[in-house]
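Report on the following structure.
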Amino acid sequence: MPTETASATTAEPAFTLDNYQVRDEDLPEFRDMEFEDINELHLDHPGASDPEYRERRDYIASLSKKFRETGLITDVDYTEEEQGIWRHVAERLEELHEKHASPFYLKAKRDLGISTQRIPQLSEMNRRLKELTGFRLAPIEGLVETRSFLSWLSYRVMLSTQYIRHHSRPDYTPEPDIVHESIGHIPMFTNANFADYSQFVGHGARIADDKQLEELGRLYWFTVEFGLVEHEGGIKAYGAGLLSSYGELSHAFSDEVERRPFDLEQVINTPYDYSDMQPILYVIPSYRELKEATRRYVERFS
Ligand SMILES: [Fe+2]
């Protein structure tokens, strides 16, 4: 289904897979996009019946809308309660990360300045990403339709939420939040191969037909969200869905999971269920090899 973003980008100059750097003037305008679920929280959402939480979400959503009008990111004045949720989750993840996270991720988390004590602002992380890989973050108020979300990656842009999960369930969120984004996703964008890989996926999303888009969604799921990587004879995690959830991260290294060597054809043909723990995960040999396999794959699209 065409989206505003997709149609807005078709008028842009041709964009090749070798264009790793995106200048400010190359960026299309940030316009309103189709959302899967933003204004209505599902009834089983932990914050659905908390009017104070919903009001706070609406306020933070208004900052994202303002960004699309002005192009300027407004830092969020996180409350003490919100900082407390962050500390709770970040501190618990810290120990598991030392054991299971990819060494690159651990270094990136330090370099980015992600602290267990304070919620990072998108603006400060953007300054660091700009120096390292030219990736950038753009605030968004919730889940965006898949093609729009992935297409922005072709401009080295990740749409990122700023709100935080509900305090009643600090260990759980049914949707992306600032914990998932900045602990899970954002550190990995300091990796040049991973950043380029993400850009290739985004490029693919812009030109994919519906079937190819579904396949790309699976590739994204089994790598960006739930990827494992070989490291010195062992296996480490680099997927955001693993790194931002102690339940998923512990589970990924348990006997309940089948860890398979990465095979792109197999991955794009393997369905997944987002509502449960993942029974199958794929282990890439290296970020560079993931990048090159994806480049070859996306070059088949036309
Ligand atoms: Fe994610």
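Identifiers for the structure tokens are assigned positionally: chains receive A, B, ... in sequence, residues are indexed from 1 per chain, and ligands are indexed from 1 in the order shown.
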Env. residues ligand 1 / 10 Å / only C-alpha atoms and all ligand atoms / as a ChimeraX atom specification: /A:143,160,175-177,180-182,184-186,220-221,224-226,239-242,244
Would you mind listing what lies within 12 Å of Glu215 (chain A) as a PyMOL selection string, with only C-alpha atoms counted and same-chain residues fewer than 2 positions away left out? chain A and resi 146-147+201+204-205+208-213+217-222+264-272+294+297-298+301
Sel. of helix (DSSP H, G or I) residues, region 28-253 of chain A, as a PyMOL selection string: chain A and resi 51-70+80-100+103-112+122-132+146-153+178-190+192-207+210-225+240-243+246-252
As a PDB file with C-alpha atoms, in the first residue's frame, please: the residues near Arg23 (chain A) (cut-off 10 Å, only C-alpha atoms, same-chain neighbours under 2 positions excluded).
ATOM      1  CA  TYR A  20      26.356   5.885   2.470  1.00  0.00           C
ATOM      2  CA  GLN A  21      26.266   9.471   3.584  1.00  0.00           C
ATOM      3  CA  GLU A  25      19.674  18.748   2.053  1.00  0.00           C
ATOM      4  CA  ASP A  26      19.145  15.182   0.775  1.00  0.00           C
ATOM      5  CA  LEU A  27      16.528  14.463   3.406  1.00  0.00           C
ATOM      6  CA  GLY A 134      25.914   9.903   9.919  1.00  0.00           C
ATOM      7  CA  TYR A 155      18.138   8.079   4.527  1.00  0.00           C
ATOM      8  CA  ARG A 156      20.047   6.825   7.560  1.00  0.00           C
TER       9      ARG A 156
END
If you count only C-alpha atoms, the residue of A:Leu290, A:Leu93, A:Val157, A:Ile60 closest to Gly142 (chain A) turns out to be A:Ile60
Contacts of Arg136 (chain A) at 9 Å (only C-alpha atoms; same-chain gap of 4+ positions) as a list of chain:residue names: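 Contacts, with the query itself left out: A:Leu122, A:Met125, A:Asn126, A:Arg127, A:Leu129, A:Lys130, A:Tyr155, A:Arg156, A:Val157, A:Met158, A:Leu159, A:Phe189.
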Could the residues in this selection be written to a file with all heavy atoms, as a short mmCIF file (atom, residue, chain, number, x, y, z; two decimals), in the first residue's frame?
data_model
loop_
_atom_site.label_atom_id
_atom_site.label_comp_id
_atom_site.auth_asym_id
_atom_site.auth_seq_id
_atom_site.Cartn_x
_atom_site.Cartn_y
_atom_site.Cartn_z
N LEU A 122 17.18 12.20 22.53
CA LEU A 122 17.50 11.92 21.12
C LEU A 122 18.51 12.93 20.58
O LEU A 122 19.38 12.59 19.79
CB LEU A 122 16.23 11.98 20.25
CG LEU A 122 15.10 10.99 20.58
CD1 LEU A 122 14.03 11.05 19.48
CD2 LEU A 122 15.60 9.57 20.76
N MET A 125 22.10 11.99 21.51
CA MET A 125 22.57 10.79 20.79
C MET A 125 22.80 11.13 19.32
O MET A 125 23.71 10.60 18.69
CB MET A 125 21.56 9.66 20.97
CG MET A 125 21.53 9.15 22.41
SD MET A 125 20.53 7.66 22.64
CE MET A 125 18.86 8.33 22.60
N ASN A 126 21.98 12.01 18.79
CA ASN A 126 22.15 12.43 17.40
C ASN A 126 23.50 13.09 17.16
O ASN A 126 24.13 12.89 16.13
CB ASN A 126 21.05 13.43 17.02
CG ASN A 126 19.93 12.76 16.24
OD1 ASN A 126 20.08 11.63 15.78
ND2 ASN A 126 18.82 13.44 16.10
N ARG A 127 23.94 13.90 18.12
CA ARG A 127 25.24 14.57 17.95
C ARG A 127 26.35 13.54 17.80
O ARG A 127 27.25 13.67 16.99
CB ARG A 127 25.51 15.51 19.13
CG ARG A 127 24.68 16.78 19.07
CD ARG A 127 25.20 17.83 20.04
NE ARG A 127 24.86 17.52 21.43
CZ ARG A 127 23.69 17.82 22.00
NH1 ARG A 127 22.74 18.43 21.31
NH2 ARG A 127 23.46 17.52 23.27
N LEU A 129 26.02 10.24 16.91
CA LEU A 129 25.84 9.43 15.70
C LEU A 129 26.32 10.17 14.46
O LEU A 129 26.89 9.58 13.55
CB LEU A 129 24.35 9.06 15.52
CG LEU A 129 23.77 8.03 16.49
CD1 LEU A 129 22.28 7.86 16.24
CD2 LEU A 129 24.47 6.67 16.37
N LYS A 130 26.08 11.47 14.46
CA LYS A 130 26.49 12.26 13.31
C LYS A 130 28.00 12.16 13.10
O LYS A 130 28.48 11.98 11.98
CB LYS A 130 26.08 13.72 13.53
CG LYS A 130 26.28 14.59 12.32
CD LYS A 130 25.74 15.98 12.53
CE LYS A 130 25.86 16.78 11.24
NZ LYS A 130 25.40 18.15 11.38
N TYR A 155 17.54 6.74 4.33
CA TYR A 155 18.14 8.08 4.53
C TYR A 155 18.99 8.12 5.80
O TYR A 155 19.29 9.19 6.31
CB TYR A 155 17.04 9.14 4.61
CG TYR A 155 16.30 9.30 3.31
CD1 TYR A 155 15.08 8.67 3.12
CD2 TYR A 155 16.84 10.05 2.27
CE1 TYR A 155 14.41 8.79 1.91
CE2 TYR A 155 16.17 10.18 1.07
CZ TYR A 155 14.96 9.55 0.89
OH TYR A 155 14.30 9.66 -0.30
N ARG A 156 19.31 6.95 6.30
CA ARG A 156 20.05 6.83 7.56
C ARG A 156 19.30 7.55 8.69
O ARG A 156 19.91 8.24 9.52
CB ARG A 156 21.49 7.34 7.41
CG ARG A 156 22.30 6.51 6.43
CD ARG A 156 23.66 7.07 6.17
NE ARG A 156 24.72 6.54 7.03
CZ ARG A 156 25.35 5.39 6.83
NH1 ARG A 156 24.99 4.60 5.85
NH2 ARG A 156 26.33 5.02 7.63
N VAL A 157 18.01 7.37 8.69
CA VAL A 157 17.17 7.96 9.74
C VAL A 157 16.39 6.84 10.42
O VAL A 157 15.76 6.03 9.73
CB VAL A 157 16.15 8.95 9.14
CG1 VAL A 157 15.14 9.39 10.21
CG2 VAL A 157 16.86 10.16 8.55
N MET A 158 16.43 6.81 11.75
CA MET A 158 15.53 5.91 12.46
C MET A 158 14.49 6.72 13.19
O MET A 158 14.82 7.65 13.93
CB MET A 158 16.24 5.01 13.46
CG MET A 158 15.25 3.96 13.99
SD MET A 158 15.84 2.85 15.25
CE MET A 158 15.37 3.71 16.73
N LEU A 159 13.22 6.38 12.95
CA LEU A 159 12.13 7.02 13.68
C LEU A 159 12.14 6.43 15.09
O LEU A 159 12.14 5.21 15.25
CB LEU A 159 10.80 6.75 12.99
CG LEU A 159 10.71 7.17 11.53
CD1 LEU A 159 9.36 6.77 10.93
CD2 LEU A 159 10.91 8.67 11.38
N PHE A 189 23.77 1.72 15.84
CA PHE A 189 23.95 2.61 14.68
C PHE A 189 25.33 3.29 14.68
O PHE A 189 25.66 4.00 13.74
CB PHE A 189 22.84 3.66 14.62
CG PHE A 189 21.52 3.09 14.23
CD1 PHE A 189 20.39 3.31 15.00
CD2 PHE A 189 21.39 2.32 13.08
CE1 PHE A 189 19.16 2.78 14.64
CE2 PHE A 189 20.17 1.77 12.72
CZ PHE A 189 19.05 2.01 13.51
#
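Atom pair CA of Glu95 (chain A) / CA of Thr133 (chain A) has a distance of 27.5 Å (rounded to one decimal).
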Which is closest to Lys291 (chain A) among A:Val179, A:Ile235, A:Ala138, A:Ala192, if we use only C-alpha atoms?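 Ranked by minimum distance to Lys291 (chain A), first place goes to A:Ala192.
Using only C-alpha atoms for every distance, the candidate list A:Ala252, A:Ile284, A:Val257, A:Leu243 yields A:Ile284 as the residue closest to Thr223 (chain A).
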Taking the DSSP assignment computed from this structure's backbone, write out as a PyMOL selection string all residues of region 73-276 of chain A that belong to strand (DSSP E or B). chain A and resi 101+115+118+136-139+143-144+157-160+228-231+234-237+258-261
Find the residue from A:Leu249, A:Leu112, A:Ile140, A:Val89 that sits nearest to Thr173 (chain A); use only C-alpha atoms when measuring. A:Val89
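If you measure from each of A:Leu228, A:Ile207, A:Leu137, A:Leu132 to Gln162 (chain A) using only C-alpha atoms, the closest one turns out to be A:Leu137.
Across the model, the gap from CA of Arg118 (chain A) to CA of Glu82 (chain A) is 9.5 Å.
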I need the residue nearest Tyr78 (chain A) from this list: A:Lys65, A:Arg110, A:Arg57, A:Arg288. Use only C-alpha atoms for the distance.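 Of A:Lys65, A:Arg110, A:Arg57, A:Arg288, the one nearest Tyr78 (chain A) is A:Arg57, counting only C-alpha atoms.
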